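Colleague: Starting off with a structure, shown below.
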Amino acid sequence: MTDITTAALGPGLGTANDGGRRVEPYLRLPANVARATTLVGAVATIAATFMSWTYTTEFPGDLTVSGYPGGLQVLTLIGGILAVLFALAAFGVPLLRVLVPSRSNNAVLLIAAGTFGTTWYTVIAIAQKLGGLANLDPGGFVAAAGTAILLIGTLSLPLHRQPAEDPEAGYYELGRFADNTAVRGGYRRMREARLDHTDLPVSDPAKLNVWLQWLIIVIVAAIGLKVLTYGLATGYTEIFVGYLILVAFTLWALSAAGLTRQFSRITAEHRRFASTMGFLAAVAYPFAQNNEHWANLGVNILIFGTVALGLNIVVGLTGLLDLGYVAFLGVGAYAAALVSGSQFSVWSGVQFPFWAAALTGMAAALVFGVLIGAPTLRLRGDYLAIVTLGFGEIFRIAVNNLDGVSGPKLTGGPNGISQIPELSIFGYNFGGTHDIGSFTLGRFANYYLLMLVITVIVVMIFTRAADSRIGRSWIAIREDETAATAMGVNGFRVKLIAFALGASLAGLAGTVSAHVTYNVVPNPYQFSGAAPPNSAFLLAAVVLGGMGTVSGPILGAALLYLIPEKLGFLARYELFAFGIVLILIMRFRPEGIIPNRRRQLEFHEEDALIPAQRPLGDDTVPVGKAGA
């Protein structure tokens, strides 16, 4: 492929063509000047991180030290280094070309934008927190100027952008404004301004030595673990916001560089090894951060991610809108609490081993799933959603009244069932601390590892079911139930199996949740609330992460649980923030963060390249323009 930075654009001139794609900068500077500006800005950004940004330690991260970056300076330093490496790679430096296999300057622009965003956020936060720009030391001004110069330089590089559109084209999505020439022209220019790098050709990584491909997988897993633990380790909102900005733009830049597609091909070729390394990285998490608070966060993310996977069977694969799904989590939790030996249980003398309690929770949730699904699954659409919403509320109200006063004594009413004993499996007490070499595993780390094993089991069940004959029937029902029925699919039976399987997986997660929280009470099992678990949270996790995929709901649950935990200022506006995020997702990426191939093509059918068929449980995004 031709190096676009050496394409004959002319000094400071506009548009070139690279394999049918429009290559055009946003700002008009001569090519050599744009390159020099980019590198000067990146070097100035790096140098600024070794200077003092403020004179007081009142701002988080201690930015007062010269010669030693701290706090948000570290993030700016990382962004500056990445900008230099990506720029030199895109400019064709031989030893670095592997960093940008797509040979696109889009990756350099996105890294520059992330570095600019993190740095300017820091400068503004210092001024806001400390009372004005007078609290900035020269290093802060140098950093702001350096990142601005870096961004201007990258905006002046030739960039792959959306092709020019017909000025007379009609845009039905504008509704009644579609006939307004000014509105239509502005909308067209906005569409043409978008970056377009999703189908740029990249070299085939399968040609690399197998051992080198395995090494790449190991390195990526290690880097991913380090990045995750770095973000969790900070206790400051300001640093975490900067971390989110840089990580988001870096991931986008890796996609523009073509590295994401290359890594996807490697993992597709070595799926078992990649899955093993991902599991080992997850196992290493409690050892890497060694903090009980973040271990507790991890176990809760796995619990709700597992429940979201169960809901994904119902919503993502079968296309049934279930608004009361959290009730099945509650059924499993209550069932396990009743048979786990709590003195507040009506069967206080009964204490099942964990495997039996887990089966009890799954069985109870499955029975409820069948009992609720059998009379209601003949409904469709909004009617089914209303019925499931009613079931969720009925469950919460019922367990709230089964206290021996308003109804039979079974669940303990509003007080629930407390003092649930710690689990002990093969003599390993999950409530105690255990030393493994120089590491100490606390209570929540123990439950995290247990829940990790259960999550792996649920992922295997989900994948096998999605790739099976019944899984194909679920997808047929989702796409067109009438057509599927005409082809011989028993719609009612297939939907009932999905409902029952999803409910049982939620019940399994509920058995662990009961032991982690020590008690089970009715309040969390509602449709919506300020904190999970609730049905709206689970549904949002599935939609945000990507319906019909394996990793999507787990990622969605992690983001929705982690971000409010780290951003304390969102506590009063959590539901409002959830709503805004879902609106943005529906507008700009309706298929979710990790899209399913089939759904991605549905949402971007107009410019999608049909990929080769893969198993339905395969999440890997195809190499094509879908999702651009």
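Identifiers for the structure tokens are assigned positionally: chains receive A, B, ... in sequence, residues are indexed from 1 per chain, and ligands are indexed from 1 in the order shown.
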Please report, as CSV, each residue of segment 411-498 of chain A lying at most 8 Å from segment 320-340 of chain A, together with the nearest pair of atoms and the separation in Å rounded to one decimal; use only C-alpha atoms, and order rows by chain and ascending residue number.
Modeller:
```
residue,atom,partner,partner_atom,distance
A:Thr411,CA,A:Tyr334,CA,7.3
A:Ile417,CA,A:Ala337,CA,6.7
A:Ile420,CA,A:Ala337,CA,6.4
A:Pro421,CA,A:Ser340,CA,6.9
A:Arg478,CA,A:Leu320,CA,7.6
```
Colleague: Using N, CA, C and O atoms, can you write the selected residues to a file as a PDB file, in the first residue's frame?
Modeller:
```
ATOM      1  N   THR A 411     -39.202 -15.981  54.068  1.00  0.00           N
ATOM      2  CA  THR A 411     -38.056 -15.196  53.607  1.00  0.00           C
ATOM      3  C   THR A 411     -37.552 -14.176  54.626  1.00  0.00           C
ATOM      4  O   THR A 411     -36.553 -13.500  54.364  1.00  0.00           O
ATOM      5  N   ILE A 417     -32.778 -12.722  55.128  1.00  0.00           N
ATOM      6  CA  ILE A 417     -32.070 -13.821  55.791  1.00  0.00           C
ATOM      7  C   ILE A 417     -30.619 -13.382  55.962  1.00  0.00           C
ATOM      8  O   ILE A 417     -29.916 -13.161  54.973  1.00  0.00           O
ATOM      9  N   ILE A 420     -25.478 -15.493  56.815  1.00  0.00           N
ATOM     10  CA  ILE A 420     -25.267 -16.677  55.981  1.00  0.00           C
ATOM     11  C   ILE A 420     -23.823 -17.123  56.164  1.00  0.00           C
ATOM     12  O   ILE A 420     -22.898 -16.324  56.013  1.00  0.00           O
ATOM     13  N   PRO A 421     -23.594 -18.371  56.520  1.00  0.00           N
ATOM     14  CA  PRO A 421     -22.229 -18.830  56.828  1.00  0.00           C
ATOM     15  C   PRO A 421     -21.303 -18.734  55.617  1.00  0.00           C
ATOM     16  O   PRO A 421     -21.737 -18.741  54.457  1.00  0.00           O
ATOM     17  N   ARG A 478     -35.516 -14.825  16.846  1.00  0.00           N
ATOM     18  CA  ARG A 478     -35.233 -13.397  17.008  1.00  0.00           C
ATOM     19  C   ARG A 478     -35.400 -12.637  15.701  1.00  0.00           C
ATOM     20  O   ARG A 478     -35.957 -11.538  15.676  1.00  0.00           O
TER      21      ARG A 478
END
```
Colleague: Could you give me, as JSON lines, every segment 495-574 of chain A residue with an atom at most 12 Å from segment 218-235 of chain A, plus its closest atom pair and distance in Å to one decimal, counting only C-alpha atoms, rows ordered by chain then number?
Modeller:
```
{"residue": "A:Ala558", "atom": "CA", "partner": "A:Leu228", "partner_atom": "CA", "distance": 11.3}
{"residue": "A:Leu559", "atom": "CA", "partner": "A:Leu228", "partner_atom": "CA", "distance": 11.8}
{"residue": "A:Leu562", "atom": "CA", "partner": "A:Leu232", "partner_atom": "CA", "distance": 8.8}
{"residue": "A:Ile563", "atom": "CA", "partner": "A:Leu232", "partner_atom": "CA", "distance": 10.2}
{"residue": "A:Glu565", "atom": "CA", "partner": "A:Leu232", "partner_atom": "CA", "distance": 10.0}
{"residue": "A:Lys566", "atom": "CA", "partner": "A:Gly235", "partner_atom": "CA", "distance": 7.5}
{"residue": "A:Leu567", "atom": "CA", "partner": "A:Gly235", "partner_atom": "CA", "distance": 9.8}
{"residue": "A:Gly568", "atom": "CA", "partner": "A:Gly235", "partner_atom": "CA", "distance": 10.4}
```
Colleague: In Å, with one decimal, what is the gap from atom CA of Ala257 of chain A to atom CA of Val84 of chain A?
Modeller: 13.9 Å
Colleague: Among segment 92-284 of chain A, which ones does DSSP place in helix (DSSP H, G or I), written as a short mmCIF file (atom, residue, chain, number, x, y, z; two decimals) with N, CA and C atoms, in the first residue's frame?
Modeller:
```
data_model
loop_
_atom_site.label_atom_id
_atom_site.label_comp_id
_atom_site.auth_asym_id
_atom_site.auth_seq_id
_atom_site.Cartn_x
_atom_site.Cartn_y
_atom_site.Cartn_z
N PRO A 94 11.53 2.42 9.27
CA PRO A 94 11.50 0.96 9.05
C PRO A 94 11.25 0.12 10.30
N LEU A 95 11.96 0.38 11.38
CA LEU A 95 11.85 -0.48 12.55
C LEU A 95 10.53 -0.31 13.30
N LEU A 96 9.79 0.75 13.01
CA LEU A 96 8.56 1.03 13.74
C LEU A 96 7.30 0.83 12.91
N ARG A 97 7.47 0.49 11.63
CA ARG A 97 6.29 0.36 10.76
C ARG A 97 5.30 -0.68 11.25
N VAL A 98 5.78 -1.65 12.02
CA VAL A 98 4.88 -2.70 12.50
C VAL A 98 3.85 -2.15 13.48
N LEU A 99 4.09 -0.97 14.06
CA LEU A 99 3.14 -0.39 15.00
C LEU A 99 1.90 0.15 14.32
N ASN A 106 -4.48 8.27 10.87
CA ASN A 106 -5.62 8.36 11.79
C ASN A 106 -5.23 7.93 13.19
N ALA A 107 -4.37 6.92 13.29
CA ALA A 107 -3.94 6.44 14.60
C ALA A 107 -3.17 7.53 15.35
N VAL A 108 -2.33 8.28 14.62
CA VAL A 108 -1.56 9.36 15.25
C VAL A 108 -2.50 10.45 15.75
N LEU A 109 -3.50 10.80 14.95
CA LEU A 109 -4.47 11.82 15.35
C LEU A 109 -5.21 11.41 16.62
N LEU A 110 -5.63 10.16 16.69
CA LEU A 110 -6.43 9.72 17.84
C LEU A 110 -5.59 9.69 19.11
N ILE A 111 -4.33 9.26 19.02
CA ILE A 111 -3.45 9.30 20.19
C ILE A 111 -3.22 10.75 20.63
N ALA A 112 -3.01 11.63 19.64
CA ALA A 112 -2.82 13.05 19.96
C ALA A 112 -4.07 13.62 20.64
N ALA A 113 -5.25 13.25 20.14
CA ALA A 113 -6.48 13.75 20.74
C ALA A 113 -6.64 13.26 22.18
N GLY A 114 -6.29 11.99 22.44
CA GLY A 114 -6.37 11.47 23.80
C GLY A 114 -5.40 12.16 24.73
N THR A 115 -4.17 12.40 24.26
CA THR A 115 -3.18 13.10 25.08
C THR A 115 -3.61 14.53 25.34
N PHE A 116 -4.12 15.19 24.30
CA PHE A 116 -4.63 16.56 24.45
C PHE A 116 -5.77 16.61 25.46
N GLY A 117 -6.72 15.67 25.35
CA GLY A 117 -7.85 15.66 26.26
C GLY A 117 -7.43 15.44 27.70
N THR A 118 -6.52 14.49 27.93
CA THR A 118 -6.06 14.22 29.30
C THR A 118 -5.33 15.42 29.89
N THR A 119 -4.45 16.04 29.09
CA THR A 119 -3.64 17.15 29.59
C THR A 119 -4.49 18.38 29.86
N TRP A 120 -5.34 18.74 28.92
CA TRP A 120 -6.17 19.93 29.12
C TRP A 120 -7.19 19.71 30.22
N TYR A 121 -7.68 18.49 30.36
CA TYR A 121 -8.55 18.20 31.51
C TYR A 121 -7.80 18.46 32.81
N THR A 122 -6.53 18.04 32.87
CA THR A 122 -5.72 18.24 34.07
C THR A 122 -5.54 19.73 34.36
N VAL A 123 -5.20 20.50 33.33
CA VAL A 123 -4.98 21.94 33.51
C VAL A 123 -6.26 22.62 33.99
N ILE A 124 -7.38 22.28 33.38
CA ILE A 124 -8.65 22.87 33.79
C ILE A 124 -9.03 22.44 35.20
N ALA A 125 -8.78 21.17 35.54
CA ALA A 125 -9.11 20.68 36.88
C ALA A 125 -8.25 21.37 37.94
N ILE A 126 -6.97 21.63 37.63
CA ILE A 126 -6.11 22.35 38.57
C ILE A 126 -6.65 23.76 38.81
N ALA A 127 -7.00 24.43 37.71
CA ALA A 127 -7.52 25.80 37.83
C ALA A 127 -8.84 25.83 38.60
N GLN A 128 -9.70 24.85 38.35
CA GLN A 128 -10.99 24.81 39.03
C GLN A 128 -10.86 24.46 40.51
N LYS A 129 -10.00 23.49 40.81
CA LYS A 129 -9.88 23.01 42.19
C LYS A 129 -9.11 23.98 43.08
N LEU A 130 -8.10 24.62 42.50
CA LEU A 130 -7.22 25.47 43.31
C LEU A 130 -7.56 26.95 43.19
N LEU A 133 -5.99 29.96 37.07
CA LEU A 133 -4.79 29.57 36.32
C LEU A 133 -3.51 30.04 37.00
N ALA A 134 -3.64 30.95 37.96
CA ALA A 134 -2.45 31.42 38.67
C ALA A 134 -1.79 30.30 39.46
N ASN A 135 -2.51 29.21 39.70
CA ASN A 135 -1.98 28.08 40.46
C ASN A 135 -1.17 27.13 39.59
N PRO A 138 4.95 26.81 35.30
CA PRO A 138 5.27 26.82 33.86
C PRO A 138 5.10 25.47 33.18
N GLY A 139 5.38 24.38 33.90
CA GLY A 139 5.24 23.06 33.28
C GLY A 139 3.83 22.79 32.79
N GLY A 140 2.83 23.27 33.52
CA GLY A 140 1.45 23.07 33.09
C GLY A 140 1.15 23.80 31.80
N PHE A 141 1.66 25.04 31.66
CA PHE A 141 1.44 25.79 30.43
C PHE A 141 2.19 25.15 29.26
N VAL A 142 3.41 24.65 29.52
CA VAL A 142 4.17 23.99 28.47
C VAL A 142 3.43 22.73 27.99
N ALA A 143 2.89 21.97 28.94
CA ALA A 143 2.14 20.76 28.58
C ALA A 143 0.92 21.10 27.74
N ALA A 144 0.18 22.14 28.14
CA ALA A 144 -1.01 22.53 27.38
C ALA A 144 -0.63 22.99 25.99
N ALA A 145 0.44 23.79 25.88
CA ALA A 145 0.87 24.25 24.56
C ALA A 145 1.42 23.10 23.71
N GLY A 146 2.18 22.21 24.34
CA GLY A 146 2.75 21.08 23.59
C GLY A 146 1.69 20.17 23.01
N THR A 147 0.67 19.84 23.80
CA THR A 147 -0.39 18.97 23.29
C THR A 147 -1.23 19.67 22.24
N ALA A 148 -1.41 21.00 22.37
CA ALA A 148 -2.13 21.75 21.34
C ALA A 148 -1.36 21.73 20.02
N ILE A 149 -0.04 21.95 20.09
CA ILE A 149 0.79 21.88 18.88
C ILE A 149 0.74 20.48 18.28
N LEU A 150 0.80 19.46 19.13
CA LEU A 150 0.71 18.07 18.66
C LEU A 150 -0.60 17.83 17.93
N LEU A 151 -1.70 18.30 18.49
CA LEU A 151 -3.01 18.08 17.86
C LEU A 151 -3.11 18.83 16.53
N ILE A 152 -2.61 20.06 16.49
CA ILE A 152 -2.63 20.83 15.23
C ILE A 152 -1.81 20.11 14.16
N GLY A 153 -0.66 19.59 14.56
CA GLY A 153 0.17 18.87 13.59
C GLY A 153 -0.52 17.64 13.02
N THR A 154 -1.17 16.87 13.88
CA THR A 154 -1.83 15.65 13.39
C THR A 154 -3.07 15.98 12.56
N LEU A 155 -3.74 17.08 12.90
CA LEU A 155 -4.90 17.48 12.08
C LEU A 155 -4.47 17.92 10.69
N TYR A 172 -33.14 10.33 5.01
CA TYR A 172 -34.45 10.11 5.62
C TYR A 172 -34.40 10.27 7.14
N GLU A 173 -33.19 10.04 7.73
CA GLU A 173 -33.10 10.13 9.18
C GLU A 173 -33.28 11.55 9.70
N LEU A 174 -33.23 12.55 8.80
CA LEU A 174 -33.44 13.93 9.22
C LEU A 174 -34.91 14.28 9.38
N GLY A 175 -35.78 13.36 8.95
CA GLY A 175 -37.21 13.58 9.12
C GLY A 175 -37.70 14.78 8.33
N ARG A 176 -38.42 15.68 9.01
CA ARG A 176 -39.01 16.82 8.31
C ARG A 176 -37.96 17.84 7.87
N PHE A 177 -36.71 17.69 8.37
CA PHE A 177 -35.65 18.60 7.96
C PHE A 177 -34.93 18.12 6.71
N THR A 181 -32.24 22.59 2.68
CA THR A 181 -30.94 22.50 2.02
C THR A 181 -29.79 22.75 2.98
N ALA A 182 -29.93 23.73 3.84
CA ALA A 182 -28.86 24.06 4.78
C ALA A 182 -28.62 22.92 5.77
N VAL A 183 -29.71 22.37 6.31
CA VAL A 183 -29.58 21.27 7.27
C VAL A 183 -28.98 20.05 6.59
N ARG A 184 -29.47 19.74 5.37
CA ARG A 184 -28.96 18.58 4.65
C ARG A 184 -27.48 18.75 4.30
N GLY A 185 -27.08 19.96 3.92
CA GLY A 185 -25.69 20.21 3.60
C GLY A 185 -24.79 20.09 4.82
N GLY A 186 -25.25 20.62 5.95
CA GLY A 186 -24.46 20.49 7.18
C GLY A 186 -24.33 19.05 7.62
N TYR A 187 -25.42 18.28 7.48
CA TYR A 187 -25.38 16.87 7.86
C TYR A 187 -24.44 16.09 6.94
N ARG A 188 -24.45 16.44 5.64
CA ARG A 188 -23.55 15.77 4.69
C ARG A 188 -22.09 16.06 5.03
N ARG A 189 -21.79 17.32 5.33
CA ARG A 189 -20.40 17.67 5.68
C ARG A 189 -19.96 16.99 6.98
N MET A 190 -20.89 16.85 7.90
CA MET A 190 -20.57 16.16 9.15
C MET A 190 -20.24 14.70 8.89
N ARG A 191 -21.00 14.05 8.01
CA ARG A 191 -20.74 12.65 7.67
C ARG A 191 -19.40 12.51 6.94
N GLU A 192 -19.10 13.47 6.05
CA GLU A 192 -17.85 13.40 5.30
C GLU A 192 -16.64 13.66 6.18
N PRO A 205 -1.03 -11.48 10.10
CA PRO A 205 -0.15 -11.91 11.19
C PRO A 205 0.02 -13.43 11.26
N ALA A 206 -0.82 -14.17 10.52
CA ALA A 206 -0.70 -15.63 10.54
C ALA A 206 0.61 -16.09 9.93
N LYS A 207 1.27 -15.21 9.19
CA LYS A 207 2.56 -15.57 8.60
C LYS A 207 3.69 -15.57 9.63
N VAL A 210 4.61 -19.30 14.99
CA VAL A 210 3.57 -19.62 15.98
C VAL A 210 3.98 -19.17 17.37
N TRP A 211 5.25 -19.40 17.72
CA TRP A 211 5.70 -19.00 19.05
C TRP A 211 5.64 -17.48 19.22
N LEU A 212 5.91 -16.74 18.15
CA LEU A 212 5.82 -15.29 18.23
C LEU A 212 4.37 -14.85 18.40
N GLN A 213 3.44 -15.54 17.74
CA GLN A 213 2.02 -15.22 17.92
C GLN A 213 1.59 -15.48 19.36
N TRP A 214 2.05 -16.58 19.93
CA TRP A 214 1.73 -16.86 21.33
C TRP A 214 2.33 -15.80 22.25
N LEU A 215 3.55 -15.36 21.93
CA LEU A 215 4.19 -14.33 22.75
C LEU A 215 3.39 -13.03 22.70
N ILE A 216 2.87 -12.70 21.53
CA ILE A 216 2.05 -11.49 21.40
C ILE A 216 0.81 -11.58 22.29
N ILE A 217 0.17 -12.75 22.31
CA ILE A 217 -1.01 -12.94 23.16
C ILE A 217 -0.65 -12.77 24.63
N VAL A 218 0.49 -13.34 25.04
CA VAL A 218 0.92 -13.22 26.44
C VAL A 218 1.19 -11.76 26.79
N ILE A 219 1.88 -11.04 25.90
CA ILE A 219 2.21 -9.63 26.16
C ILE A 219 0.94 -8.79 26.27
N VAL A 220 0.00 -9.01 25.36
CA VAL A 220 -1.25 -8.24 25.41
C VAL A 220 -2.03 -8.53 26.70
N ALA A 221 -2.06 -9.79 27.12
CA ALA A 221 -2.75 -10.12 28.38
C ALA A 221 -2.08 -9.44 29.56
N ALA A 222 -0.74 -9.41 29.57
CA ALA A 222 -0.01 -8.77 30.68
C ALA A 222 -0.25 -7.26 30.68
N ILE A 223 -0.21 -6.64 29.50
CA ILE A 223 -0.45 -5.20 29.41
C ILE A 223 -1.88 -4.87 29.84
N GLY A 224 -2.84 -5.69 29.40
CA GLY A 224 -4.23 -5.47 29.79
C GLY A 224 -4.42 -5.53 31.29
N LEU A 225 -3.77 -6.51 31.94
CA LEU A 225 -3.86 -6.63 33.40
C LEU A 225 -3.24 -5.42 34.08
N LYS A 226 -2.09 -4.97 33.57
CA LYS A 226 -1.42 -3.81 34.16
C LYS A 226 -2.25 -2.55 34.02
N VAL A 227 -2.82 -2.34 32.85
CA VAL A 227 -3.66 -1.15 32.62
C VAL A 227 -4.87 -1.17 33.54
N LEU A 228 -5.49 -2.35 33.69
CA LEU A 228 -6.67 -2.46 34.56
C LEU A 228 -6.32 -2.16 36.01
N THR A 229 -5.27 -2.77 36.50
CA THR A 229 -4.90 -2.57 37.91
C THR A 229 -4.44 -1.14 38.17
N TYR A 230 -3.81 -0.50 37.16
CA TYR A 230 -3.41 0.90 37.33
C TYR A 230 -4.64 1.78 37.52
N GLY A 231 -5.66 1.54 36.70
CA GLY A 231 -6.88 2.34 36.82
C GLY A 231 -7.59 2.12 38.14
N LEU A 232 -7.60 0.87 38.61
CA LEU A 232 -8.28 0.57 39.87
C LEU A 232 -7.50 1.08 41.07
N ALA A 233 -6.18 1.16 40.94
CA ALA A 233 -5.36 1.51 42.10
C ALA A 233 -5.53 2.95 42.52
N THR A 237 -10.65 10.78 41.79
CA THR A 237 -11.55 10.92 40.65
C THR A 237 -10.85 11.60 39.48
N GLU A 238 -10.05 12.63 39.75
CA GLU A 238 -9.39 13.38 38.68
C GLU A 238 -8.46 12.48 37.87
N ILE A 239 -7.69 11.65 38.54
CA ILE A 239 -6.77 10.76 37.83
C ILE A 239 -7.54 9.72 37.03
N PHE A 240 -8.64 9.22 37.59
CA PHE A 240 -9.40 8.19 36.89
C PHE A 240 -10.06 8.75 35.63
N VAL A 241 -10.53 9.99 35.67
CA VAL A 241 -11.12 10.60 34.47
C VAL A 241 -10.07 10.72 33.38
N GLY A 242 -8.88 11.21 33.74
CA GLY A 242 -7.80 11.28 32.75
C GLY A 242 -7.43 9.91 32.21
N TYR A 243 -7.43 8.92 33.08
CA TYR A 243 -7.16 7.54 32.67
C TYR A 243 -8.19 7.06 31.65
N LEU A 244 -9.47 7.32 31.90
CA LEU A 244 -10.51 6.91 30.97
C LEU A 244 -10.35 7.58 29.60
N ILE A 245 -10.03 8.86 29.61
CA ILE A 245 -9.86 9.58 28.34
C ILE A 245 -8.73 8.96 27.52
N LEU A 246 -7.58 8.76 28.16
CA LEU A 246 -6.43 8.23 27.42
C LEU A 246 -6.66 6.80 26.96
N VAL A 247 -7.24 5.96 27.81
CA VAL A 247 -7.47 4.56 27.44
C VAL A 247 -8.45 4.47 26.28
N ALA A 248 -9.54 5.26 26.33
CA ALA A 248 -10.54 5.21 25.26
C ALA A 248 -9.93 5.60 23.92
N PHE A 249 -9.17 6.69 23.88
CA PHE A 249 -8.57 7.12 22.61
C PHE A 249 -7.45 6.18 22.17
N THR A 250 -6.74 5.58 23.12
CA THR A 250 -5.69 4.64 22.74
C THR A 250 -6.28 3.40 22.08
N LEU A 251 -7.36 2.88 22.63
CA LEU A 251 -8.02 1.73 22.01
C LEU A 251 -8.52 2.07 20.62
N TRP A 252 -9.07 3.27 20.47
CA TRP A 252 -9.53 3.72 19.15
C TRP A 252 -8.35 3.83 18.19
N ALA A 253 -7.23 4.35 18.68
CA ALA A 253 -6.03 4.48 17.85
C ALA A 253 -5.49 3.11 17.44
N LEU A 254 -5.51 2.15 18.34
CA LEU A 254 -5.05 0.79 18.00
C LEU A 254 -5.91 0.20 16.89
N SER A 255 -7.20 0.50 16.93
CA SER A 255 -8.08 0.03 15.85
C SER A 255 -7.73 0.71 14.54
N ALA A 256 -7.48 2.04 14.58
CA ALA A 256 -7.12 2.76 13.36
C ALA A 256 -5.79 2.29 12.80
N ALA A 257 -4.88 1.89 13.68
CA ALA A 257 -3.57 1.42 13.23
C ALA A 257 -3.64 0.04 12.60
N LEU A 259 -3.87 -2.69 14.42
CA LEU A 259 -3.36 -3.68 15.38
C LEU A 259 -4.48 -4.51 15.97
N THR A 260 -5.64 -3.91 16.17
CA THR A 260 -6.77 -4.65 16.74
C THR A 260 -7.20 -5.78 15.82
N ARG A 261 -7.25 -5.48 14.52
CA ARG A 261 -7.65 -6.53 13.57
C ARG A 261 -6.60 -7.64 13.49
N GLN A 262 -5.34 -7.24 13.53
CA GLN A 262 -4.30 -8.26 13.51
C GLN A 262 -4.36 -9.15 14.75
N PHE A 263 -4.58 -8.54 15.90
CA PHE A 263 -4.67 -9.33 17.12
C PHE A 263 -5.91 -10.23 17.10
N SER A 264 -6.99 -9.74 16.53
CA SER A 264 -8.20 -10.57 16.42
C SER A 264 -7.94 -11.80 15.56
N ARG A 265 -7.17 -11.63 14.50
CA ARG A 265 -6.84 -12.77 13.64
C ARG A 265 -5.96 -13.77 14.39
N ILE A 266 -5.02 -13.26 15.18
CA ILE A 266 -4.15 -14.16 15.95
C ILE A 266 -4.97 -14.95 16.97
N THR A 267 -5.85 -14.28 17.70
CA THR A 267 -6.66 -14.99 18.69
C THR A 267 -7.64 -15.96 18.03
N ALA A 268 -8.10 -15.61 16.82
CA ALA A 268 -8.99 -16.54 16.12
C ALA A 268 -8.25 -17.81 15.72
N GLU A 269 -6.96 -17.67 15.38
CA GLU A 269 -6.17 -18.84 14.99
C GLU A 269 -5.76 -19.66 16.22
N ARG A 271 -7.42 -19.79 19.44
CA ARG A 271 -8.52 -19.44 20.34
C ARG A 271 -8.34 -20.07 21.73
N ARG A 272 -7.94 -21.31 21.78
CA ARG A 272 -7.80 -21.97 23.08
C ARG A 272 -6.67 -21.34 23.90
N PHE A 273 -5.55 -21.07 23.24
CA PHE A 273 -4.43 -20.46 23.95
C PHE A 273 -4.80 -19.07 24.43
N ALA A 274 -5.48 -18.30 23.58
CA ALA A 274 -5.89 -16.95 23.97
C ALA A 274 -6.88 -16.99 25.14
N SER A 275 -7.80 -17.94 25.11
CA SER A 275 -8.76 -18.07 26.22
C SER A 275 -8.04 -18.45 27.51
N THR A 276 -7.06 -19.33 27.39
CA THR A 276 -6.29 -19.73 28.57
C THR A 276 -5.54 -18.56 29.16
N MET A 277 -4.90 -17.75 28.31
CA MET A 277 -4.17 -16.59 28.80
C MET A 277 -5.10 -15.56 29.40
N GLY A 278 -6.27 -15.38 28.81
CA GLY A 278 -7.24 -14.47 29.39
C GLY A 278 -7.68 -14.93 30.77
N PHE A 279 -7.89 -16.24 30.92
CA PHE A 279 -8.27 -16.79 32.23
C PHE A 279 -7.14 -16.61 33.24
N LEU A 280 -5.90 -16.86 32.83
CA LEU A 280 -4.77 -16.70 33.75
C LEU A 280 -4.59 -15.24 34.16
N ALA A 281 -4.83 -14.33 33.22
CA ALA A 281 -4.75 -12.90 33.57
C ALA A 281 -5.83 -12.54 34.59
N ALA A 282 -7.02 -13.11 34.42
CA ALA A 282 -8.10 -12.87 35.39
C ALA A 282 -7.75 -13.47 36.75
N VAL A 283 -7.13 -14.66 36.75
CA VAL A 283 -6.70 -15.28 38.01
C VAL A 283 -5.65 -14.41 38.70
N ALA A 284 -4.79 -13.78 37.92
CA ALA A 284 -3.71 -12.97 38.50
C ALA A 284 -4.21 -11.65 39.07
#
```
Colleague: I'd like the contact shell of segment 501-511 of chain A - 9 Å cut-off, only C-alpha atoms, skipping same-chain residues fewer than 6 positions apart - returned as a PyMOL selection string.
Modeller: chain A and resi 302-304+306-314+325-337+354+357-370+451+454-455+458
Colleague: Near Pro25 of chain A, within 6 Å and counting only C-alpha atoms, which residues show up once chain neighbours fewer than 5 positions away are dropped, as a PyMOL selection string?
Modeller: chain A and resi 156-159
Colleague: Print the selection's residues with C-alpha atoms to a file, as an mmCIF file, in the first residue's frame.
Modeller:
```cif
data_model
loop_
_atom_site.group_PDB
_atom_site.id
_atom_site.type_symbol
_atom_site.label_atom_id
_atom_site.label_comp_id
_atom_site.auth_asym_id
_atom_site.auth_seq_id
_atom_site.Cartn_x
_atom_site.Cartn_y
_atom_site.Cartn_z
ATOM 1 C CA SER A 156 -2.671 18.687 9.224
ATOM 2 C CA LEU A 157 -1.556 15.182 8.248
ATOM 3 C CA PRO A 158 -3.299 13.321 5.391
ATOM 4 C CA LEU A 159 -6.125 11.369 7.047
#
```
Colleague: DSSP on the backbone: what in segment 406-533 of chain A comes out strand (DSSP E), as a list in words?
Modeller: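 DSSP on the backbone gives strand (DSSP E) at Ser424, Ile425, Tyr428, Asn429, His434, Asp435, Ile436, Phe439, Thr440 and Leu441 of chain A.
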Colleague: Could you name the residues that touch Glu574 of chain A at 12 Å or less, counting only C-alpha atoms, but leaving out those on the same chain fewer than 4 positions away, as a PyMOL selection string?
Modeller: chain A and resi 528-532+537+560-561+563-565+567-570+578-581
Colleague: With distances taken over only C-alpha atoms, which residue among A:Val543, A:Leu136, A:Ala34, A:Leu63 lies nearest Ala557 of chain A?
Modeller: A:Val543
Colleague: Find the residues near Asp435 of chain A: any atom within 12 Å, counting only C-alpha atoms, skip ones fewer than 4 places away on the same chain, and give them as a ChimeraX atom specification.
Modeller: /A:287,290,439-443,445-446
Colleague: Can you tell me which residues surround Arg396 of chain A at a distance of at most 8 Å, considering only C-alpha atoms, apart from same-chain residues fewer than 5 positions away, and format the answer as a PyMOL selection string?
Modeller: chain A and resi 327+522-523+525-526
